[in-house]
$ cat data-v3.txt   # compact mmCIF, C-alpha atoms
# COMPACT_ATOMS: atom_id res chain seq x y z
CA MET A 3 4.95 -12.06 20.55
CA ALA A 4 5.70 -11.69 24.23
CA TYR A 5 9.23 -11.74 25.51
CA GLU A 6 9.69 -14.74 27.76
CA GLY A 7 13.38 -14.81 28.49
CA THR A 8 16.69 -16.37 27.74
CA VAL A 9 18.75 -19.25 29.08
CA ARG A 10 22.49 -19.85 28.77
CA VAL A 11 23.39 -22.96 26.78
CA PRO A 12 26.63 -25.00 27.07
CA SER A 13 28.43 -22.95 24.38
CA GLY A 14 28.07 -19.87 26.58
CA ARG A 15 25.64 -18.22 24.18
CA TRP A 16 22.02 -17.43 24.97
CA MET A 17 18.87 -19.09 23.68
CA LEU A 18 15.75 -16.95 23.28
CA HIS A 19 12.21 -18.11 24.05
CA ILE A 20 9.41 -16.07 22.47
CA GLY A 21 5.72 -16.86 22.39
CA GLY A 22 6.34 -20.34 23.78
CA HIS A 23 8.79 -21.14 20.97
CA GLU A 24 12.48 -21.72 21.28
CA MET A 25 14.22 -19.44 18.77
CA GLY A 26 17.48 -21.35 18.93
CA GLU A 27 20.88 -20.32 20.07
CA ARG A 28 21.72 -16.68 19.35
CA PRO A 29 24.15 -16.87 16.38
CA PHE A 30 25.94 -13.58 17.12
CA ARG A 31 27.49 -11.52 19.92
CA VAL A 32 27.21 -7.83 20.70
CA LEU A 33 30.86 -6.92 21.27
CA GLY A 34 30.55 -3.32 22.45
CA ILE A 35 29.57 0.23 21.56
CA GLN A 36 30.69 1.19 18.07
CA GLN A 37 29.27 4.71 18.05
CA ILE A 38 26.82 7.25 19.28
CA ALA A 39 25.26 9.78 16.95
CA VAL A 40 24.22 13.23 18.06
CA GLY A 41 22.29 15.68 15.94
CA SER A 42 21.67 19.40 15.76
CA THR A 43 20.66 21.98 13.19
CA ASP A 44 24.10 23.54 13.88
CA LYS A 45 26.93 21.10 13.17
CA ALA A 46 29.52 23.80 13.89
CA ALA A 47 28.27 23.97 17.49
CA LEU A 48 28.55 20.17 17.75
CA ARG A 49 32.15 20.32 16.44
CA GLU A 50 33.00 23.08 18.89
CA LEU A 51 31.81 20.94 21.83
CA TRP A 52 32.97 17.46 20.80
CA VAL A 53 36.21 18.32 18.92
CA ASP A 54 37.43 21.70 20.18
CA ILE A 55 36.36 21.49 23.83
CA LEU A 56 36.20 17.74 24.60
CA GLY A 57 39.17 16.90 22.36
CA LEU A 58 37.80 14.12 20.13
CA THR A 59 39.65 13.62 16.84
CA LEU A 60 37.83 14.53 13.63
CA THR A 61 38.42 11.63 11.22
CA GLY A 62 36.06 12.19 8.30
CA ASN A 63 32.69 13.25 7.02
CA PHE A 64 29.71 11.75 5.25
CA ARG A 65 26.88 13.33 3.30
CA SER A 66 23.78 11.56 2.03
CA GLU A 67 20.78 13.29 0.45
CA SER A 68 18.69 10.10 0.79
CA GLU A 69 19.44 9.91 4.53
CA ASN A 70 19.10 13.71 4.95
CA VAL A 71 22.43 13.94 6.74
CA ASP A 72 25.62 15.94 6.63
CA GLU A 73 27.83 14.42 9.31
CA ASP A 74 31.30 14.80 10.71
CA ILE A 75 32.86 11.68 12.19
CA ALA A 76 34.85 12.12 15.40
CA VAL A 77 36.53 9.43 17.51
CA ALA A 78 37.19 9.03 21.23
CA GLY A 79 40.14 6.70 21.79
CA HIS A 80 42.06 4.98 19.01
CA GLY A 81 42.53 1.75 17.13
CA PRO A 82 39.98 -1.04 17.34
CA LEU A 83 38.71 0.23 20.69
CA GLY A 84 38.01 3.78 19.52
CA ILE A 85 34.37 4.86 19.72
CA GLU A 86 32.91 6.93 16.91
CA VAL A 87 30.82 10.01 17.71
CA ASP A 88 28.84 11.12 14.67
CA LEU A 89 28.00 14.83 14.61
CA MET A 90 24.91 15.05 12.41
CA GLU A 91 23.11 17.98 10.84
CA PRO A 92 20.08 17.59 8.59
CA ILE A 93 20.54 18.74 5.01
CA ASP A 94 16.88 19.81 5.13
CA PRO A 95 15.69 20.49 8.71
CA GLU A 96 12.10 19.89 7.58
CA GLY A 97 12.98 16.66 5.71
CA ARG A 98 13.10 13.07 6.93
CA PRO A 99 14.71 11.40 8.66
CA LYS A 100 15.09 14.12 11.27
CA VAL A 101 18.68 13.37 12.25
CA HIS A 102 18.61 16.20 14.79
CA ASP A 103 15.47 15.11 16.65
CA PRO A 104 16.04 13.64 19.17
CA ALA A 105 19.49 15.10 19.73
CA LEU A 106 20.86 11.68 20.75
CA ASN A 107 19.96 10.13 17.42
CA HIS A 108 21.13 6.53 17.75
CA VAL A 109 23.51 4.08 19.37
CA GLY A 110 25.66 1.74 17.27
CA LEU A 111 26.67 -1.73 18.45
CA TRP A 112 29.55 -3.84 17.12
CA LEU A 113 28.38 -7.35 16.15
CA ASP A 114 30.52 -10.32 15.25
CA ASP A 115 28.05 -11.60 12.59
CA LEU A 116 25.64 -8.98 11.27
CA ARG A 117 23.93 -11.16 8.65
CA ALA A 118 23.25 -13.97 11.14
CA ALA A 119 21.99 -11.37 13.62
CA VAL A 120 19.55 -9.82 11.13
CA ASP A 121 18.19 -13.23 10.11
CA TRP A 122 17.77 -14.36 13.71
CA LEU A 123 16.36 -11.06 14.97
CA THR A 124 13.89 -10.90 12.06
CA ALA A 125 12.70 -14.42 12.87
CA SER A 126 12.39 -13.29 16.49
CA GLY A 127 9.99 -10.47 15.55
CA VAL A 128 12.39 -7.51 15.51
CA ARG A 129 11.45 -4.60 13.23
CA PHE A 130 14.16 -3.03 11.07
CA THR A 131 14.13 0.31 9.26
CA PRO A 132 13.88 0.23 5.46
CA GLY A 133 17.11 -0.23 3.52
CA GLY A 134 18.40 -3.55 4.85
CA ILE A 135 22.11 -4.16 5.31
CA ARG A 136 24.17 -1.48 3.58
CA LYS A 137 27.47 0.38 3.85
CA GLY A 138 27.41 2.95 6.64
CA ALA A 139 29.18 6.29 6.88
CA ALA A 140 32.38 4.69 8.24
CA GLY A 141 32.41 2.01 5.52
CA PHE A 142 31.14 -0.91 7.63
CA ASP A 143 28.02 -2.95 6.83
CA VAL A 144 25.13 -1.68 8.97
CA CYS A 145 21.40 -1.90 9.47
CA PHE A 146 19.04 -0.32 11.97
CA ILE A 147 16.50 -1.66 14.46
CA HIS A 148 13.43 0.58 14.26
CA PRO A 149 12.63 2.51 17.44
CA LYS A 150 9.12 1.04 17.49
CA GLY A 151 7.64 -2.35 16.71
CA ASN A 152 4.52 -2.83 14.59
CA ASP A 153 1.92 -5.55 13.96
CA SER A 154 4.16 -7.67 11.72
CA ALA A 155 7.38 -7.14 13.72
CA PRO A 156 6.38 -6.25 17.29
CA ILE A 157 9.85 -5.82 18.80
CA GLY A 158 11.49 -2.43 18.31
CA GLY A 159 14.19 -0.44 20.08
CA GLN A 160 11.84 0.79 22.82
CA GLY A 161 12.07 4.33 21.45
CA VAL A 162 15.77 4.12 20.53
CA LEU A 163 17.14 3.76 17.00
CA ILE A 164 19.82 1.04 17.24
CA GLU A 165 22.46 0.64 14.55
CA LEU A 166 23.92 -2.84 14.19
CA VAL A 167 27.44 -2.71 12.76
CA GLN A 168 29.53 -5.58 11.38
CA ALA A 169 32.78 -5.48 13.32
CA PRO A 170 35.99 -5.94 11.32
CA ASP A 171 38.32 -8.76 12.36
CA GLU A 172 40.61 -6.49 14.42
CA VAL A 173 37.67 -5.23 16.50
CA ILE A 174 36.30 -8.76 16.98
CA ALA A 175 39.73 -9.89 18.18
CA ALA A 176 40.28 -6.90 20.50
CA LEU A 177 36.82 -7.03 22.05
CA SER A 178 36.82 -10.82 22.33
CA ILE A 179 40.06 -10.64 24.34
CA ASN A 180 38.48 -8.09 26.65
CA SER A 181 35.37 -10.28 27.04
CA SER A 182 37.51 -13.36 27.84
CA ASN A 183 39.42 -11.43 30.50
CA GLU A 184 36.21 -10.12 32.10
CA THR A 185 34.67 -13.60 32.43
CA LYS A 186 37.83 -14.91 34.16
CA SER A 187 37.75 -12.30 36.93

$ encode --input "data-v3.txt" --output "structure tokens"
Amino acid sequence: MAYEGTVRVPSGRWMLHIGGHEMGERPFRVLGIQQIAVGSTDKAALRELWVDILGLTLTGNFRSESENVDEDIAVAGHGPLGIEVDLMEPIDPEGRPKVHDPALNHVGLWLDDLRAAVDWLTASGVRFTPGGIRKGAAGFDVCFIHPKGNDSAPIGGQGVLIELVQAPDEVIAALSINSSNETKS
């Protein structure tokens, strides 16, 4: 499938055209950055930089053998507009996934309707990592766009792992207000 472009429709949303086919109106919005995730084989060094030196607030941790990650969760800002910075260390540096390589592991995006997004993106030829929609480290429903496409799903993240995160109502409200104000100026 070749990307052909988008057009704005009367509702203000975008309609995607792929391979000569209209995919329909996009049934979701990307509201903003939810998180970035950085990895290293030395999580203490990450904490020293991000928490001790840069001043982010440490808010929790998450450990998953199946995802090969021991992570501290830090936040820049507060409330619904705070941005999470995940400080990730592999449980097994030789295991997979390699959460420390590359060091900027992934970017997370707040979405207003994750399930609609996954259905629509899948129909549009986007490749997802195994595991489907599941609870993420911060307790929100998440799924990941694979960094690379393949024969059956040719659209990937162009080398970037992208986490799609279901925004809670307070984030949707806060970021929708900001979006409304930006379009008026």

$ residues_around --input "data-v3.txt" --residues "region 117-127 of chain A" --least-positions-apart "4" --cutoff "6 Å" --atoms "all atoms listed in the file" --output "list in words"
Phe30, Ala155, Pro156 and Ile157 of chain A

$ atom_distance --input "data-v3.txt" --atom1 "CA of Gly57 (chain A)" --atom2 "CA of Ile179 (chain A)"
27.6 Å

$ closest_residue --input "data-v3.txt" --among "A:Pro149, A:Gly110, A:Gly133, A:Pro82" --to "Ala175 (chain A)" --atoms "all atoms listed in the file"
A:Pro82

$ residues_near_point --input "data-v3.txt" --point "(17.0, 9.5, 2.9)" --cutoff "12 Å" --atoms "only C-alpha atoms" --output "PDB file with C-alpha atoms, in the frame of the given file"
ATOM      1  CA  ARG A  65      26.880  13.330   3.300  1.00  0.00           C
ATOM      2  CA  SER A  66      23.780  11.560   2.030  1.00  0.00           C
ATOM      3  CA  GLU A  67      20.780  13.290   0.450  1.00  0.00           C
ATOM      4  CA  SER A  68      18.690  10.100   0.790  1.00  0.00           C
ATOM      5  CA  GLU A  69      19.440   9.910   4.530  1.00  0.00           C
ATOM      6  CA  ASN A  70      19.100  13.710   4.950  1.00  0.00           C
ATOM      7  CA  VAL A  71      22.430  13.940   6.740  1.00  0.00           C
ATOM      8  CA  ASP A  72      25.620  15.940   6.630  1.00  0.00           C
ATOM      9  CA  PRO A  92      20.080  17.590   8.590  1.00  0.00           C
ATOM     10  CA  ILE A  93      20.540  18.740   5.010  1.00  0.00           C
ATOM     11  CA  ASP A  94      16.880  19.810   5.130  1.00  0.00           C
ATOM     12  CA  GLY A  97      12.980  16.660   5.710  1.00  0.00           C
ATOM     13  CA  ARG A  98      13.100  13.070   6.930  1.00  0.00           C
ATOM     14  CA  PRO A  99      14.710  11.400   8.660  1.00  0.00           C
ATOM     15  CA  LYS A 100      15.090  14.120  11.270  1.00  0.00           C
ATOM     16  CA  VAL A 101      18.680  13.370  12.250  1.00  0.00           C
ATOM     17  CA  THR A 131      14.130   0.310   9.260  1.00  0.00           C
ATOM     18  CA  PRO A 132      13.880   0.230   5.460  1.00  0.00           C
ATOM     19  CA  GLY A 133      17.110  -0.230   3.520  1.00  0.00           C
TER      20      GLY A 133
END

$ atom_distance --input "data-v3.txt" --atom1 "CA of Ser154 (chain A)" --atom2 "CA of Glu96 (chain A)"
29.0 Å

$ atom_distance --input "data-v3.txt" --atom1 "CA of Ile75 (chain A)" --atom2 "CA of Leu113 (chain A)"
19.9 Å

$ closest_residue --input "data-v3.txt" --among "A:Ile135, A:Ala76, A:Leu177, A:Leu33" --to "Val53 (chain A)" --atoms "only C-alpha atoms"
A:Ala76

$ residues_around --input "data-v3.txt" --residues "Thr43 (chain A)" --least-positions-apart "6" --cutoff "7 Å" --atoms "only C-alpha atoms" --output "number ranges by chain"
A: 91-92, 95, 102

$ write_last_selection --input "data-v3.txt" --atoms "C-alpha atoms" --output "compact mmCIF listing (two decimals), in the coordinates of the input"
# COMPACT_ATOMS: atom_id res chain seq x y z
CA GLU A 91 23.11 17.98 10.84
CA PRO A 92 20.08 17.59 8.59
CA PRO A 95 15.69 20.49 8.71
CA HIS A 102 18.61 16.20 14.79

$ closest_residue --input "data-v3.txt" --among "A:Ser42, A:Thr59, A:Gln37, A:Gln168" --to "Glu86 (chain A)" --atoms "only C-alpha atoms"
A:Gln37

$ closest_residue --input "data-v3.txt" --among "A:Phe64, A:Trp112, A:Phe130, A:Phe146" --to "Ile174 (chain A)" --atoms "all atoms listed in the file"
A:Trp112

$ residues_around --input "data-v3.txt" --residues "Val162 (chain A)" --least-positions-apart "6" --cutoff "10 Å" --atoms "all atoms listed in the file" --output "list in words"
Pro104, Leu106, Asn107, His108, Val109, Ile147, His148, Pro149 and Lys150 of chain A

$ closest_residue --input "data-v3.txt" --among "A:Leu60, A:Val87, A:Val167, A:Ile55" --to "Ile38 (chain A)" --atoms "only C-alpha atoms"
A:Val87

$ residues_around --input "data-v3.txt" --residues "Asp143 (chain A)" --least-positions-apart "2" --cutoff "10 Å" --atoms "only C-alpha atoms" --output "list in words"
Leu116, Arg117, Gly134, Ile135, Arg136, Lys137, Gly138, Ala139, Ala140, Gly141, Cys145, Leu166, Val167, Gln168, Ala169 and Pro170 of chain A

$ write_last_selection --input "data-v3.txt" --atoms "C-alpha atoms" --output "CSV table (one decimal), keeping the file's coordinate frame"
chain,number,residue,atom,x,y,z
A,116,LEU,CA,25.6,-9.0,11.3
A,117,ARG,CA,23.9,-11.2,8.6
A,134,GLY,CA,18.4,-3.6,4.8
A,135,ILE,CA,22.1,-4.2,5.3
A,136,ARG,CA,24.2,-1.5,3.6
A,137,LYS,CA,27.5,0.4,3.8
A,138,GLY,CA,27.4,3.0,6.6
A,139,ALA,CA,29.2,6.3,6.9
A,140,ALA,CA,32.4,4.7,8.2
A,141,GLY,CA,32.4,2.0,5.5
A,145,CYS,CA,21.4,-1.9,9.5
A,166,LEU,CA,23.9,-2.8,14.2
A,167,VAL,CA,27.4,-2.7,12.8
A,168,GLN,CA,29.5,-5.6,11.4
A,169,ALA,CA,32.8,-5.5,13.3
A,170,PRO,CA,36.0,-5.9,11.3

$ axis_aligned_box --input "data-v3.txt" --around "region 138-152 of chain A" --padding-each-side "3 Å" --output "JSON"
{"center_x": 18.5, "center_y": 1.7, "center_z": 11.5, "size_x": 33.9, "size_y": 15.2, "size_z": 18.0}

$ closest_residue --input "data-v3.txt" --among "A:Ala78, A:Leu163, A:Leu56, A:Val40" --to "Met90 (chain A)" --atoms "all atoms listed in the file"
A:Val40

$ build_atoms --input "data-v3.txt" --residues "region 69-88 of chain A" --atoms "N, CA and C atoms" --output "PDB file, keeping the file's coordinate frame"
ATOM      1  N   GLU A  69      19.560  10.065   3.077  1.00  0.00           N
ATOM      2  CA  GLU A  69      19.440   9.910   4.530  1.00  0.00           C
ATOM      3  C   GLU A  69      19.335  11.261   5.228  1.00  0.00           C
ATOM      4  N   ASN A  70      19.272  12.354   4.437  1.00  0.00           N
ATOM      5  CA  ASN A  70      19.100  13.710   4.950  1.00  0.00           C
ATOM      6  C   ASN A  70      20.153  14.056   6.001  1.00  0.00           C
ATOM      7  N   VAL A  71      21.414  13.714   5.719  1.00  0.00           N
ATOM      8  CA  VAL A  71      22.430  13.940   6.740  1.00  0.00           C
ATOM      9  C   VAL A  71      23.722  14.489   6.148  1.00  0.00           C
ATOM     10  N   ASP A  72      24.274  15.452   6.856  1.00  0.00           N
ATOM     11  CA  ASP A  72      25.620  15.940   6.630  1.00  0.00           C
ATOM     12  C   ASP A  72      26.319  15.726   7.972  1.00  0.00           C
ATOM     13  N   GLU A  73      27.272  14.803   8.016  1.00  0.00           N
ATOM     14  CA  GLU A  73      27.830  14.420   9.310  1.00  0.00           C
ATOM     15  C   GLU A  73      29.342  14.466   9.314  1.00  0.00           C
ATOM     16  N   ASP A  74      29.876  14.895  10.443  1.00  0.00           N
ATOM     17  CA  ASP A  74      31.300  14.800  10.710  1.00  0.00           C
ATOM     18  C   ASP A  74      31.481  13.586  11.617  1.00  0.00           C
ATOM     19  N   ILE A  75      32.577  12.870  11.403  1.00  0.00           N
ATOM     20  CA  ILE A  75      32.860  11.680  12.190  1.00  0.00           C
ATOM     21  C   ILE A  75      34.049  11.992  13.099  1.00  0.00           C
ATOM     22  N   ALA A  76      33.802  11.905  14.407  1.00  0.00           N
ATOM     23  CA  ALA A  76      34.850  12.120  15.400  1.00  0.00           C
ATOM     24  C   ALA A  76      35.069  10.806  16.147  1.00  0.00           C
ATOM     25  N   VAL A  77      36.220  10.671  16.796  1.00  0.00           N
ATOM     26  CA  VAL A  77      36.530   9.430  17.510  1.00  0.00           C
ATOM     27  C   VAL A  77      37.095   9.759  18.885  1.00  0.00           C
ATOM     28  N   ALA A  78      36.606   9.012  19.880  1.00  0.00           N
ATOM     29  CA  ALA A  78      37.190   9.030  21.230  1.00  0.00           C
ATOM     30  C   ALA A  78      38.005   7.751  21.352  1.00  0.00           C
ATOM     31  N   GLY A  79      39.271   7.869  21.730  1.00  0.00           N
ATOM     32  CA  GLY A  79      40.140   6.700  21.790  1.00  0.00           C
ATOM     33  C   GLY A  79      40.778   6.463  20.435  1.00  0.00           C
ATOM     34  N   HIS A  80      41.376   5.260  20.284  1.00  0.00           N
ATOM     35  CA  HIS A  80      42.060   4.980  19.010  1.00  0.00           C
ATOM     36  C   HIS A  80      42.081   3.483  18.755  1.00  0.00           C
ATOM     37  N   GLY A  81      42.419   3.157  17.523  1.00  0.00           N
ATOM     38  CA  GLY A  81      42.530   1.750  17.130  1.00  0.00           C
ATOM     39  C   GLY A  81      41.191   1.043  17.205  1.00  0.00           C
ATOM     40  N   PRO A  82      41.224  -0.271  17.372  1.00  0.00           N
ATOM     41  CA  PRO A  82      39.980  -1.040  17.340  1.00  0.00           C
ATOM     42  C   PRO A  82      39.057  -0.753  18.515  1.00  0.00           C
ATOM     43  N   LEU A  83      39.561  -0.088  19.549  1.00  0.00           N
ATOM     44  CA  LEU A  83      38.710   0.230  20.690  1.00  0.00           C
ATOM     45  C   LEU A  83      38.207   1.670  20.684  1.00  0.00           C
ATOM     46  N   GLY A  84      38.525   2.425  19.633  1.00  0.00           N
ATOM     47  CA  GLY A  84      38.010   3.780  19.520  1.00  0.00           C
ATOM     48  C   GLY A  84      36.499   3.760  19.315  1.00  0.00           C
ATOM     49  N   ILE A  85      35.821   4.754  19.861  1.00  0.00           N
ATOM     50  CA  ILE A  85      34.370   4.860  19.720  1.00  0.00           C
ATOM     51  C   ILE A  85      34.054   6.101  18.899  1.00  0.00           C
ATOM     52  N   GLU A  86      33.290   5.877  17.839  1.00  0.00           N
ATOM     53  CA  GLU A  86      32.910   6.930  16.910  1.00  0.00           C
ATOM     54  C   GLU A  86      31.795   7.782  17.528  1.00  0.00           C
ATOM     55  N   VAL A  87      31.896   9.086  17.346  1.00  0.00           N
ATOM     56  CA  VAL A  87      30.820  10.010  17.710  1.00  0.00           C
ATOM     57  C   VAL A  87      30.464  10.767  16.440  1.00  0.00           C
ATOM     58  N   ASP A  88      29.283  10.481  15.897  1.00  0.00           N
ATOM     59  CA  ASP A  88      28.840  11.120  14.670  1.00  0.00           C
ATOM     60  C   ASP A  88      28.121  12.417  15.012  1.00  0.00           C
TER      61      ASP A  88
END
